[in-house]
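Trainee: Handing over upload-v8.pdb, PDB, C-alpha atoms.
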ATOM      1  CA  MET A  11      12.209  -3.515  -8.118
ATOM      2  CA  ARG A  12       8.861  -5.182  -8.631
ATOM      3  CA  LEU A  13       6.412  -3.321 -10.823
ATOM      4  CA  SER A  14       3.353  -5.484 -10.151
ATOM      5  CA  PRO A  15       2.242  -8.561  -8.217
ATOM      6  CA  ASP A  16       2.274 -10.431 -11.551
ATOM      7  CA  GLU A  17       5.925 -11.192 -10.982
ATOM      8  CA  ILE A  18       5.476 -13.247  -7.794
ATOM      9  CA  ILE A  19       4.833 -16.724  -9.151
ATOM     10  CA  PHE A  20       3.711 -19.498  -6.804
ATOM     11  CA  TRP A  21       3.411 -22.343  -9.280
ATOM     12  CA  GLN A  22       4.078 -22.772 -12.948
ATOM     13  CA  TYR A  23       3.224 -25.461 -15.507
ATOM     14  CA  LYS A  24       4.508 -24.760 -19.062
ATOM     15  CA  PHE A  25       2.797 -21.453 -19.818
ATOM     16  CA  LEU A  26       0.122 -21.496 -17.082
ATOM     17  CA  LYS A  27       1.236 -19.419 -14.133
ATOM     18  CA  LEU A  28      -0.316 -19.043 -10.705
ATOM     19  CA  ASN A  29       0.897 -15.602  -9.705
ATOM     20  CA  ALA A  30       0.125 -13.379  -6.742
ATOM     21  CA  THR A  31      -2.453 -11.359  -8.695
ATOM     22  CA  ILE A  32      -4.639 -14.417  -9.291
ATOM     23  CA  VAL A  33      -4.239 -15.695  -5.725
ATOM     24  CA  PHE A  34      -5.160 -12.340  -4.158
ATOM     25  CA  THR A  35      -8.062 -11.803  -6.580
ATOM     26  CA  TRP A  36      -9.555 -15.177  -5.725
ATOM     27  CA  GLY A  37      -8.944 -14.556  -2.042
ATOM     28  CA  LEU A  38     -10.856 -11.269  -2.252
ATOM     29  CA  MET A  39     -13.698 -12.895  -4.203
ATOM     30  CA  PHE A  40     -13.916 -15.657  -1.614
ATOM     31  CA  VAL A  41     -13.963 -13.249   1.329
ATOM     32  CA  LEU A  42     -16.570 -10.937  -0.235
ATOM     33  CA  ALA A  43     -18.871 -13.736  -1.423
ATOM     34  CA  VAL A  44     -18.698 -15.914   1.704
ATOM     35  CA  GLY A  45     -18.923 -12.905   4.019
ATOM     36  CA  SER A  46     -22.012 -11.528   2.294
ATOM     37  CA  LYS A  47     -23.655 -14.964   2.236
ATOM     38  CA  LEU A  48     -23.029 -15.460   5.946
ATOM     39  CA  ILE A  49     -24.428 -12.038   6.841
ATOM     40  CA  THR A  50     -27.513 -12.235   4.640
ATOM     41  CA  HIS A  51     -28.653 -15.840   5.063
ATOM     42  CA  LYS A  52     -31.079 -14.788   7.777
ATOM     43  CA  LEU A  53     -32.298 -11.270   7.048
ATOM     44  CA  SER A  54     -34.605  -9.582   9.525
ATOM     45  CA  THR A  55     -37.068  -6.900   8.451
ATOM     46  CA  GLY A  56     -38.051  -5.792  11.969
ATOM     47  CA  MET A  57     -36.467  -3.120  14.110
ATOM     48  CA  LYS A  58     -33.917  -5.501  15.611
ATOM     49  CA  ARG A  59     -31.142  -6.496  13.248
ATOM     50  CA  SER A  60     -27.555  -7.546  13.535
ATOM     51  CA  ARG A  61     -24.723  -5.056  13.224
ATOM     52  CA  TRP A  62     -23.341  -6.640  10.055
ATOM     53  CA  GLN A  63     -26.716  -6.472   8.325
ATOM     54  CA  ASN A  64     -26.930  -2.821   9.276
ATOM     55  CA  LEU A  65     -23.506  -2.210   7.766
ATOM     56  CA  LEU A  66     -24.426  -3.910   4.516
ATOM     57  CA  GLU A  67     -27.677  -1.968   4.341
ATOM     58  CA  ILE A  68     -25.804   1.314   4.778
ATOM     59  CA  VAL A  69     -23.415   0.349   1.973
ATOM     60  CA  VAL A  70     -26.157  -0.775  -0.419
ATOM     61  CA  THR A  71     -28.453   2.211   0.127
ATOM     62  CA  GLY A  72     -25.468   4.562  -0.145
ATOM     63  CA  ILE A  73     -24.493   3.123  -3.523
ATOM     64  CA  GLU A  74     -28.123   3.226  -4.693
ATOM     65  CA  LYS A  75     -28.409   6.897  -3.791
ATOM     66  CA  GLN A  76     -25.166   7.720  -5.629
ATOM     67  CA  ILE A  77     -26.337   5.893  -8.761
ATOM     68  CA  GLU A  78     -29.609   7.789  -8.665
ATOM     69  CA  GLU A  79     -27.825  11.127  -8.269
ATOM     70  CA  VAL A  80     -25.715  10.445 -11.353
ATOM     71  CA  GLY A  81     -28.888  10.275 -13.423
ATOM     72  CA  LEU A  82     -29.889   6.615 -13.695
ATOM     73  CA  SER A  83     -33.545   6.580 -12.663
ATOM     74  CA  GLN A  84     -33.779   2.840 -11.881
ATOM     75  CA  PRO A  85     -30.758   1.979  -9.758
ATOM     76  CA  GLN A  86     -31.842  -1.638  -9.170
ATOM     77  CA  LYS A  87     -30.975  -2.530 -12.751
ATOM     78  CA  TYR A  88     -27.410  -1.259 -12.504
ATOM     79  CA  ILE A  89     -26.495  -1.723  -8.873
ATOM     80  CA  GLY A  90     -25.361  -5.314  -9.451
ATOM     81  CA  PHE A  91     -22.664  -4.237 -11.870
ATOM     82  CA  LEU A  92     -21.691  -0.852 -10.438
ATOM     83  CA  GLY A  93     -21.878  -1.957  -6.809
ATOM     84  CA  THR A  94     -19.651  -4.950  -7.501
ATOM     85  CA  LEU A  95     -17.092  -2.743  -9.251
ATOM     86  CA  PHE A  96     -16.974  -0.365  -6.303
ATOM     87  CA  LEU A  97     -16.843  -3.083  -3.636
ATOM     88  CA  PHE A  98     -14.149  -5.088  -5.406
ATOM     89  CA  VAL A  99     -11.809  -2.133  -5.953
ATOM     90  CA  ALA A 100     -12.478  -0.750  -2.457
ATOM     91  CA  ALA A 101     -11.874  -4.125  -0.792
ATOM     92  CA  ALA A 102      -8.723  -4.639  -2.874
ATOM     93  CA  SER A 103      -7.363  -1.333  -1.627
ATOM     94  CA  PHE A 104      -8.623  -1.684   1.956
ATOM     95  CA  CYS A 105      -6.876  -5.012   2.530
ATOM     96  CA  THR A 106      -3.437  -3.401   2.172
ATOM     97  CA  ILE A 107      -3.655  -3.148   5.955
ATOM     98  CA  ILE A 108      -2.899  -6.883   6.074
ATOM     99  CA  PRO A 109       0.871  -7.416   5.975
ATOM    100  CA  GLY A 110       2.178  -9.365   3.019
ATOM    101  CA  TYR A 111      -0.793  -8.429   0.833
ATOM    102  CA  GLU A 112      -0.412  -6.760  -2.576
ATOM    103  CA  PRO A 113      -3.506  -5.201  -4.147
ATOM    104  CA  PRO A 114      -4.389  -7.130  -7.322
ATOM    105  CA  THR A 115      -5.466  -3.839  -8.894
ATOM    106  CA  GLY A 116      -1.786  -2.915  -8.907
ATOM    107  CA  SER A 117      -1.424  -5.142 -11.946
ATOM    108  CA  LEU A 118      -2.400  -3.854 -15.382
ATOM    109  CA  SER A 119      -4.135  -7.169 -16.162
ATOM    110  CA  THR A 120      -6.739  -6.709 -13.430
ATOM    111  CA  THR A 121      -7.486  -3.070 -14.244
ATOM    112  CA  ALA A 122      -7.628  -3.802 -17.971
ATOM    113  CA  ALA A 123     -10.119  -6.602 -17.265
ATOM    114  CA  LEU A 124     -12.293  -4.273 -15.159
ATOM    115  CA  ALA A 125     -12.140  -1.555 -17.833
ATOM    116  CA  LEU A 126     -13.100  -4.107 -20.516
ATOM    117  CA  CYS A 127     -16.118  -5.085 -18.378
ATOM    118  CA  VAL A 128     -17.216  -1.434 -18.428
ATOM    119  CA  PHE A 129     -16.494  -1.231 -22.179
ATOM    120  CA  VAL A 130     -18.839  -4.175 -22.806
ATOM    121  CA  ALA A 131     -21.454  -3.100 -20.256
ATOM    122  CA  VAL A 132     -22.061   0.402 -21.671
ATOM    123  CA  PRO A 133     -23.377  -0.748 -25.090
ATOM    124  CA  PHE A 134     -25.153  -3.659 -23.377
ATOM    125  CA  PHE A 135     -27.165  -1.381 -21.098
ATOM    126  CA  GLY A 136     -27.611   1.172 -23.871
ATOM    127  CA  ILE A 137     -29.086  -1.396 -26.270
ATOM    128  CA  GLU A 138     -31.209  -2.906 -23.510
ATOM    129  CA  GLU A 139     -32.680   0.520 -22.778
ATOM    130  CA  GLN A 140     -33.010   2.040 -26.212
ATOM    131  CA  GLY A 141     -32.901  -0.733 -28.828
ATOM    132  CA  VAL A 142     -30.116  -1.394 -31.308
ATOM    133  CA  ARG A 143     -31.090   1.224 -33.917
ATOM    134  CA  ASN A 144     -31.438   4.128 -31.508
ATOM    135  CA  TYR A 145     -28.245   3.249 -29.680
ATOM    136  CA  LEU A 146     -26.216   3.050 -32.885
ATOM    137  CA  LYS A 147     -27.798   6.312 -34.045
ATOM    138  CA  SER A 148     -26.510   7.974 -30.892
ATOM    139  CA  TYR A 149     -22.963   7.605 -32.188
ATOM    140  CA  MET A 150     -23.754  10.187 -34.859
ATOM    141  CA  GLU A 151     -25.209  12.471 -32.200
ATOM    142  CA  PRO A 152     -24.318  16.063 -33.082
ATOM    143  CA  THR A 153     -23.507  15.418 -36.766
ATOM    144  CA  PHE A 154     -22.556  12.498 -38.987
ATOM    145  CA  ILE A 155     -18.916  13.661 -39.059
ATOM    146  CA  MET A 156     -18.539  12.943 -35.331
ATOM    147  CA  LEU A 157     -18.828   9.160 -35.843
ATOM    148  CA  PRO A 158     -15.057   8.330 -35.798
ATOM    149  CA  PHE A 159     -14.465  10.712 -32.896
ATOM    150  CA  ASN A 160     -17.208   9.103 -30.819
ATOM    151  CA  ILE A 161     -15.747   5.665 -31.450
ATOM    152  CA  ILE A 162     -12.242   6.881 -30.558
ATOM    153  CA  SER A 163     -13.553   8.461 -27.375
ATOM    154  CA  GLU A 164     -15.174   5.148 -26.344
ATOM    155  CA  VAL A 165     -11.867   3.327 -26.712
ATOM    156  CA  SER A 166      -9.795   6.013 -25.034
ATOM    157  CA  ARG A 167     -12.208   6.209 -22.079
ATOM    158  CA  THR A 168     -11.671   2.499 -21.473
ATOM    159  CA  LEU A 169      -7.895   2.878 -21.708
ATOM    160  CA  ALA A 170      -7.975   5.858 -19.350
ATOM    161  CA  LEU A 171     -10.008   3.910 -16.774
ATOM    162  CA  ALA A 172      -7.529   1.035 -16.814
ATOM    163  CA  VAL A 173      -4.364   3.142 -16.652
ATOM    164  CA  ARG A 174      -5.758   5.530 -14.025
ATOM    165  CA  LEU A 175      -6.561   2.742 -11.564
ATOM    166  CA  PHE A 176      -3.333   0.852 -12.325
ATOM    167  CA  GLY A 177      -1.176   3.969 -11.956
ATOM    168  CA  ASN A 178      -2.728   4.980  -8.635
ATOM    169  CA  MET A 179      -2.425   1.526  -7.085
ATOM    170  CA  MET A 180       1.057   0.823  -8.420
ATOM    171  CA  SER A 181       2.418   4.201  -7.370
ATOM    172  CA  GLY A 182       1.135   3.717  -3.835
ATOM    173  CA  ALA A 183       2.796   0.336  -3.449
ATOM    174  CA  MET A 184       6.028   1.454  -5.122
ATOM    175  CA  ILE A 185       6.463   4.674  -3.160
ATOM    176  CA  THR A 186       5.940   2.775   0.112
ATOM    177  CA  GLY A 187       8.535   0.244  -1.011
ATOM    178  CA  ILE A 188      11.061   2.949  -1.928
ATOM    179  CA  LEU A 189      10.523   4.880   1.293
ATOM    180  CA  LEU A 190      11.050   1.739   3.372
ATOM    181  CA  THR A 191      14.660   1.714   2.217
ATOM    182  CA  ILE A 192      15.147   5.313   3.341
ATOM    183  CA  THR A 193      13.281   5.954   6.610
ATOM    184  CA  PRO A 194      12.319   2.973   8.771
ATOM    185  CA  LEU A 195       8.968   3.565  10.431
ATOM    186  CA  ILE A 196       7.126   6.884  10.443
ATOM    187  CA  PHE A 197       7.160   7.929   6.796
ATOM    188  CA  PRO A 198       6.087   4.561   5.305
ATOM    189  CA  VAL A 199       3.178   4.391   7.757
ATOM    190  CA  ILE A 200       1.972   7.814   6.632
ATOM    191  CA  MET A 201       2.397   6.872   2.979
ATOM    192  CA  THR A 202       0.418   3.638   3.511
ATOM    193  CA  ALA A 203      -2.394   5.647   5.096
ATOM    194  CA  LEU A 204      -2.338   8.030   2.128
ATOM    195  CA  GLY A 205      -2.388   5.019  -0.191
ATOM    196  CA  LEU A 206      -5.488   3.756   1.620
ATOM    197  CA  LEU A 207      -7.226   7.100   1.082
ATOM    198  CA  THR A 208      -6.361   7.285  -2.602
ATOM    199  CA  GLY A 209      -7.457   3.665  -3.026
ATOM    200  CA  MET A 210     -10.919   4.459  -1.668
ATOM    201  CA  VAL A 211     -11.170   7.603  -3.807
ATOM    202  CA  GLN A 212     -10.099   5.675  -6.905
ATOM    203  CA  ALA A 213     -12.706   2.963  -6.218
ATOM    204  CA  TYR A 214     -15.372   5.674  -5.993
ATOM    205  CA  ILE A 215     -14.095   7.391  -9.143
ATOM    206  CA  PHE A 216     -14.042   4.125 -11.133
ATOM    207  CA  SER A 217     -17.644   3.240 -10.317
ATOM    208  CA  ILE A 218     -18.933   6.815 -10.702
ATOM    209  CA  LEU A 219     -17.299   7.111 -14.128
ATOM    210  CA  ALA A 220     -18.810   3.766 -15.152
ATOM    211  CA  ALA A 221     -22.212   5.044 -13.952
ATOM    212  CA  VAL A 222     -21.803   8.313 -15.887
ATOM    213  CA  TYR A 223     -20.911   6.440 -19.093
ATOM    214  CA  ILE A 224     -23.911   4.131 -18.674
ATOM    215  CA  ALA A 225     -26.168   7.117 -17.956
ATOM    216  CA  ALA A 226     -24.909   8.853 -21.103
ATOM    217  CA  ALA A 227     -25.645   5.722 -23.141
ATOM    218  CA  THR A 228     -29.113   5.094 -21.733
ATOM    219  CA  ARG A 229     -30.681   8.523 -21.525
ATOM    220  CA  VAL A 230     -33.760   8.735 -23.714
ATOM    221  CA  ARG A 231     -33.329  11.219 -26.499
ATOM    222  CA  LYS A 232     -36.559  13.050 -27.215
ATOM    223  CA  PRO A 233     -37.156  13.658 -30.939
ATOM    224  CA  LYS A 234     -36.802  17.309 -31.873
ATOM    225  CA  SER A 235     -40.344  18.677 -32.163
ATOM    226  CA  LYS A 236     -41.081  20.878 -35.156
ATOM    227  CA  PRO A 237     -42.565  24.286 -34.252
ATOM    228  CA  ASP A 238     -46.297  24.401 -34.638
ATOM    229  CA  THR A 239     -46.688  26.806 -37.604
ATOM    230  CA  LYS A 240     -50.186  25.764 -38.734
ATOM    231  CA  ASN A 241     -51.943  27.217 -35.689
ATOM    232  CA  ILE A 242     -50.084  30.523 -35.913
ATOM    233  CA  GLU A 243     -51.193  31.144 -39.490
ATOM    234  CA  ALA A 244     -54.806  30.345 -38.617
TER     235      ALA A 244
ATOM    236  CA  MET B   4      30.094   7.449 -25.783
ATOM    237  CA  ASP B   5      29.119   3.881 -26.548
ATOM    238  CA  LYS B   6      25.544   2.718 -27.130
ATOM    239  CA  MET B   7      24.916   1.545 -23.580
ATOM    240  CA  THR B   8      25.854   4.908 -22.113
ATOM    241  CA  ILE B   9      23.694   6.819 -24.572
ATOM    242  CA  ILE B  10      20.663   4.652 -23.840
ATOM    243  CA  ALA B  11      21.161   4.919 -20.085
ATOM    244  CA  VAL B  12      21.616   8.704 -20.129
ATOM    245  CA  ALA B  13      18.647   9.255 -22.436
ATOM    246  CA  SER B  14      16.357   7.035 -20.317
ATOM    247  CA  ILE B  15      17.302   8.653 -17.027
ATOM    248  CA  VAL B  16      17.072  12.231 -18.292
ATOM    249  CA  ALA B  17      13.774  11.539 -20.058
ATOM    250  CA  ALA B  18      12.323   9.905 -16.931
ATOM    251  CA  GLY B  19      13.294  12.885 -14.795
ATOM    252  CA  ILE B  20      11.947  15.494 -17.223
ATOM    253  CA  THR B  21       8.721  13.504 -17.786
ATOM    254  CA  THR B  22       7.806  13.489 -14.121
ATOM    255  CA  GLY B  23       9.097  17.020 -13.592
ATOM    256  CA  PHE B  24       7.122  18.724 -16.338
ATOM    257  CA  GLY B  25       4.284  16.247 -16.326
ATOM    258  CA  THR B  26       3.134  17.124 -12.826
ATOM    259  CA  MET B  27       3.196  20.900 -13.279
ATOM    260  CA  GLY B  28       0.207  21.128 -15.628
ATOM    261  CA  PRO B  29      -2.166  18.931 -13.612
ATOM    262  CA  ALA B  30      -1.170  20.703 -10.390
ATOM    263  CA  LEU B  31      -2.110  24.109 -11.828
ATOM    264  CA  ALA B  32      -5.347  22.724 -13.267
ATOM    265  CA  GLN B  33      -6.336  21.072  -9.991
ATOM    266  CA  GLY B  34      -5.652  24.310  -8.111
ATOM    267  CA  LYS B  35      -7.975  26.189 -10.455
ATOM    268  CA  ALA B  36     -10.650  23.498 -10.134
ATOM    269  CA  VAL B  37     -10.611  23.527  -6.343
ATOM    270  CA  ALA B  38     -10.636  27.342  -6.255
ATOM    271  CA  THR B  39     -13.712  27.499  -8.477
ATOM    272  CA  ALA B  40     -15.405  24.757  -6.446
ATOM    273  CA  LEU B  41     -14.784  26.680  -3.215
ATOM    274  CA  THR B  42     -16.225  29.841  -4.751
ATOM    275  CA  SER B  43     -19.377  28.070  -5.884
ATOM    276  CA  LEU B  44     -19.704  26.310  -2.512
ATOM    277  CA  ALA B  45     -19.578  29.691  -0.810
ATOM    278  CA  GLN B  46     -22.281  30.979  -3.141
ATOM    279  CA  GLN B  47     -24.606  27.962  -2.887
ATOM    280  CA  PRO B  48     -23.992  25.796   0.190
ATOM    281  CA  ASP B  49     -27.182  23.786  -0.512
ATOM    282  CA  ALA B  50     -25.660  22.153  -3.580
ATOM    283  CA  SER B  51     -22.569  21.042  -1.669
ATOM    284  CA  ALA B  52     -23.137  17.305  -2.335
ATOM    285  CA  THR B  53     -23.313  17.761  -6.103
ATOM    286  CA  ILE B  54     -20.430  20.224  -6.167
ATOM    287  CA  THR B  55     -18.214  17.993  -4.028
ATOM    288  CA  ARG B  56     -18.947  14.917  -6.110
ATOM    289  CA  THR B  57     -18.334  16.739  -9.394
ATOM    290  CA  LEU B  58     -15.154  18.231  -7.946
ATOM    291  CA  PHE B  59     -13.789  14.803  -7.033
ATOM    292  CA  VAL B  60     -14.612  13.342 -10.424
ATOM    293  CA  GLY B  61     -12.930  16.290 -12.145
ATOM    294  CA  LEU B  62      -9.873  16.058  -9.906
ATOM    295  CA  ALA B  63      -9.504  12.363 -10.700
ATOM    296  CA  MET B  64      -9.644  13.030 -14.442
ATOM    297  CA  ILE B  65      -6.961  15.728 -14.145
ATOM    298  CA  GLU B  66      -4.899  13.535 -11.825
ATOM    299  CA  SER B  67      -4.826  10.767 -14.395
ATOM    300  CA  MET B  68      -2.680  13.000 -16.647
ATOM    301  CA  ALA B  69       0.006  13.100 -13.974
ATOM    302  CA  ILE B  70      -0.425   9.358 -13.486
ATOM    303  CA  TYR B  71       0.268   8.752 -17.198
ATOM    304  CA  CYS B  72       3.557  10.677 -16.880
ATOM    305  CA  PHE B  73       4.457   8.705 -13.758
ATOM    306  CA  VAL B  74       3.765   5.392 -15.496
ATOM    307  CA  VAL B  75       5.986   6.394 -18.430
ATOM    308  CA  SER B  76       8.788   7.335 -16.025
ATOM    309  CA  MET B  77       8.494   4.024 -14.221
ATOM    310  CA  ILE B  78       8.604   2.140 -17.510
ATOM    311  CA  LEU B  79      11.734   4.081 -18.532
ATOM    312  CA  ILE B  80      13.499   3.277 -15.278
ATOM    313  CA  PHE B  81      12.356  -0.258 -14.433
ATOM    314  CA  ALA B  82      10.960  -1.934 -17.523
ATOM    315  CA  ASN B  83      12.957  -0.249 -20.281
ATOM    316  CA  PRO B  84      12.920  -2.485 -23.388
ATOM    317  CA  PHE B  85      15.890  -0.728 -24.998
ATOM    318  CA  TRP B  86      17.983  -1.203 -21.872
ATOM    319  CA  ASN B  87      17.001  -4.870 -21.608
ATOM    320  CA  TYR B  88      17.878  -5.385 -25.281
ATOM    321  CA  ILE B  89      21.286  -3.737 -25.047
ATOM    322  CA  ILE B  90      22.088  -5.628 -21.814
ATOM    323  CA  ALA B  91      21.083  -8.919 -23.430
ATOM    324  CA  GLN B  92      23.256  -8.082 -26.417
ATOM    325  CA  SER B  93      26.319  -7.157 -24.359
ATOM    326  CA  THR B  94      26.089 -10.188 -22.047
ATOM    327  CA  GLY B  95      25.441 -12.436 -25.047
ATOM    328  CA  LYS B  96      28.717 -11.253 -26.548
TER     329      LYS B  96
END
Kindly present the structure from the file in structure tokens form.
Mentor:
Amino acid sequence: MRLSPDEIIFWQYKFLKLNATIVFTWGLMFVLAVGSKLITHKLSTGMKRSRWQNLLEIVVTGIEKQIEEVGLSQPQKYIGFLGTLFLFVAAASFCTIIPGYEPPTGSLSTTAALALCVFVAVPFFGIEEQGVRNYLKSYMEPTFIMLPFNIISEVSRTLALAVRLFGNMMSGAMITGILLTITPLIFPVIMTALGLLTGMVQAYIFSILAAVYIAAATRVRKPKSKPDTKNIEA
Amino acid sequence: MDKMTIIAVASIVAAGITTGFGTMGPALAQGKAVATALTSLAQQPDASATITRTLFVGLAMIESMAIYCFVVSMILIFANPFWNYIIAQSTGK
């Protein structure tokens, strides 16, 4: 019983392995990059535009609106990172329609890599927005004693992101595989459709959580103003 | 009972109990979350976008608890290091 696409190996040389995860990841990257380049190499700003450009515009403005609603006031700065996260995970889950395809996010390596990207990006955006001193001061936010707990929560958030996405994708693939041995046609089709839905929801959740963490790291903390006692006495 | 039997029985029983008990808590919590979300939607239909989005994020966080239990069960059944070790030992003999 295969736990992840890591175990399908196409080619091996000493310790370097070309497994299904890498092949499907590169396939997805190729399709997304080449597809976007083909659609956007001749953009039109008038009223008449191609259907594919319309589709991409809907996707991009939708993601921008979601990022703004989470609390990041300048979505252009973050949409490169957050939009790519969402589109990669959504495309990885959407392509399960193609027979013979295994989502690369069903392997803990891929989800750990994505979670590590978020783990690096949160301090990066926080320092870019607030400066090193203010960002590091935010770790002692309520009181100085909370410093180890804030650090632990950073690490555990990353771990939770990785395991949540891995568990959802792996369970979808595995349950479909198990059900195929029991009932031939109807039930596995329904379970694949359910897997598609949960894949889309998990892509949304992953990028929204990344946006919320970045928003928490970049919000400007106003200094506490002392009450104005001089004017009252006078 | 020899060592192989003990390891097998312990793994299988633990895997069953993990998934069994591990999905009860998140199910109750998700039911409460959805009930509260429905109440607040009925009170303020204008905020439905925010409420729906927050509901989904909250549901995903609660769901991940059940997912952790599922992953542990899968590891116990399919990628059990103790089972692999004892099998390697007994076939090596």
Trainee: Quick one: of B:Pro84, B:Gly23, B:Gly61, B:Gly34, who's nearest to chain A, counting only C-alpha atoms?
Mentor: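 Distance minimum relative to chain A lands on B:Gly61.
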Trainee: Residues of chain B that have any atom at most 9 Å from an atom of chain A: could you tabulate them with the shortest-distance atom pair and the distance in Å to one decimal, using only C-alpha atoms, ordered by chain and increasing number, as JSON lines?
Mentor:
{"residue": "B:Thr53", "atom": "CA", "partner": "A:Glu79", "partner_atom": "CA", "distance": 8.3}
{"residue": "B:Phe59", "atom": "CA", "partner": "A:Ile215", "partner_atom": "CA", "distance": 7.7}
{"residue": "B:Val60", "atom": "CA", "partner": "A:Ile215", "partner_atom": "CA", "distance": 6.1}
{"residue": "B:Ala63", "atom": "CA", "partner": "A:Ile215", "partner_atom": "CA", "distance": 6.9}
{"residue": "B:Met64", "atom": "CA", "partner": "A:Arg174", "partner_atom": "CA", "distance": 8.5}
{"residue": "B:Glu66", "atom": "CA", "partner": "A:Arg174", "partner_atom": "CA", "distance": 8.3}
{"residue": "B:Ser67", "atom": "CA", "partner": "A:Arg174", "partner_atom": "CA", "distance": 5.3}
{"residue": "B:Met68", "atom": "CA", "partner": "A:Arg174", "partner_atom": "CA", "distance": 8.5}
{"residue": "B:Ile70", "atom": "CA", "partner": "A:Gly177", "partner_atom": "CA", "distance": 5.7}
{"residue": "B:Tyr71", "atom": "CA", "partner": "A:Gly177", "partner_atom": "CA", "distance": 7.2}
{"residue": "B:Phe73", "atom": "CA", "partner": "A:Gly177", "partner_atom": "CA", "distance": 7.6}
{"residue": "B:Val74", "atom": "CA", "partner": "A:Gly177", "partner_atom": "CA", "distance": 6.2}
{"residue": "B:Met77", "atom": "CA", "partner": "A:Leu13", "partner_atom": "CA", "distance": 8.4}
{"residue": "B:Ile78", "atom": "CA", "partner": "A:Leu13", "partner_atom": "CA", "distance": 8.9}
{"residue": "B:Phe81", "atom": "CA", "partner": "A:Met11", "partner_atom": "CA", "distance": 7.1}
{"residue": "B:Ala82", "atom": "CA", "partner": "A:Leu13", "partner_atom": "CA", "distance": 8.2}
Trainee: May I have the residues within 10 Å of range 59-69 of chain A as a PyMOL selection string, using only C-alpha atoms and disregarding those fewer than 4 positions away in the same chain?
Mentor: chain A and resi 45-46+48-50+52-55+73-74+93+97
Trainee: My list of candidates is B:Val16, B:Thr21, B:Ala11, B:Leu62. Which is closest to Ser76 in chain B when distances are computed with only C-alpha atoms?
Mentor: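 Looking only at the distances to Ser76 in chain B, the closest residue turns out to be B:Thr21.
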Trainee: Kindly give the distance, in Å, that separates CA of Ala101 in chain A and CA of Ser14 in chain A, rounded to a single decimal.
Mentor: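 Separating CA of Ala101 in chain A from CA of Ser14 in chain A is a distance of 17.9 Å.
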Trainee: Please measure the separation of CA of Phe135 in chain A and CA of Gly90 in chain A, giving the value in Å to one decimal.
Mentor: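 Straight-line distance from CA of Phe135 in chain A to CA of Gly90 in chain A works out to 12.4 Å.
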Trainee: Which residues come within 8 Å of Val37 in chain B, counting only C-alpha atoms, excluding same-chain residues fewer than 4 positions away, as a compact mmCIF listing (two decimals) with C-alpha atoms, keeping the file's coordinate frame?
Mentor:
# COMPACT_ATOMS: atom_id res chain seq x y z
CA GLN B 33 -6.34 21.07 -9.99
CA LEU B 41 -14.78 26.68 -3.22
CA LEU B 58 -15.15 18.23 -7.95
Trainee: Find the spatial neighbours of Tyr111 in chain A, counting only C-alpha atoms, within a cut-off of 9 Å - ignore same-chain residues fewer than 5 positions away - and output them as a ChimeraX atom specification.
Mentor: /A:34,105-106
Trainee: CA of Thr228 in chain A and CA of Thr71 in chain A are how many Å apart?
Mentor: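 That distance, rounded to one decimal, is 22.1 Å.
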Trainee: Starting from the displayed file, determine the output of the PyMOL selection byres ((chain A and resi 199-202) around 9) and express the residue list as a list of chain:residue names.
Mentor: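 Applied to this file, the PyMOL selection byres ((chain A and resi 199-202) around 9) selects A:Thr106, A:Ile107, A:Gly182, A:Ala183, A:Ile185, A:Thr186, A:Leu189, A:Leu195, A:Ile196, A:Phe197, A:Pro198, A:Ala203, A:Leu204, A:Gly205, A:Leu206, A:Leu207.
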Trainee: Nearest to Cys127 in chain A among A:Ser103, A:Ser148, A:Thr94, A:Asn29, with distances taken over all atoms listed in the file: which residue is it?
Mentor: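 Once distances to Cys127 in chain A are computed over all atoms listed in the file, the minimum belongs to A:Thr94.
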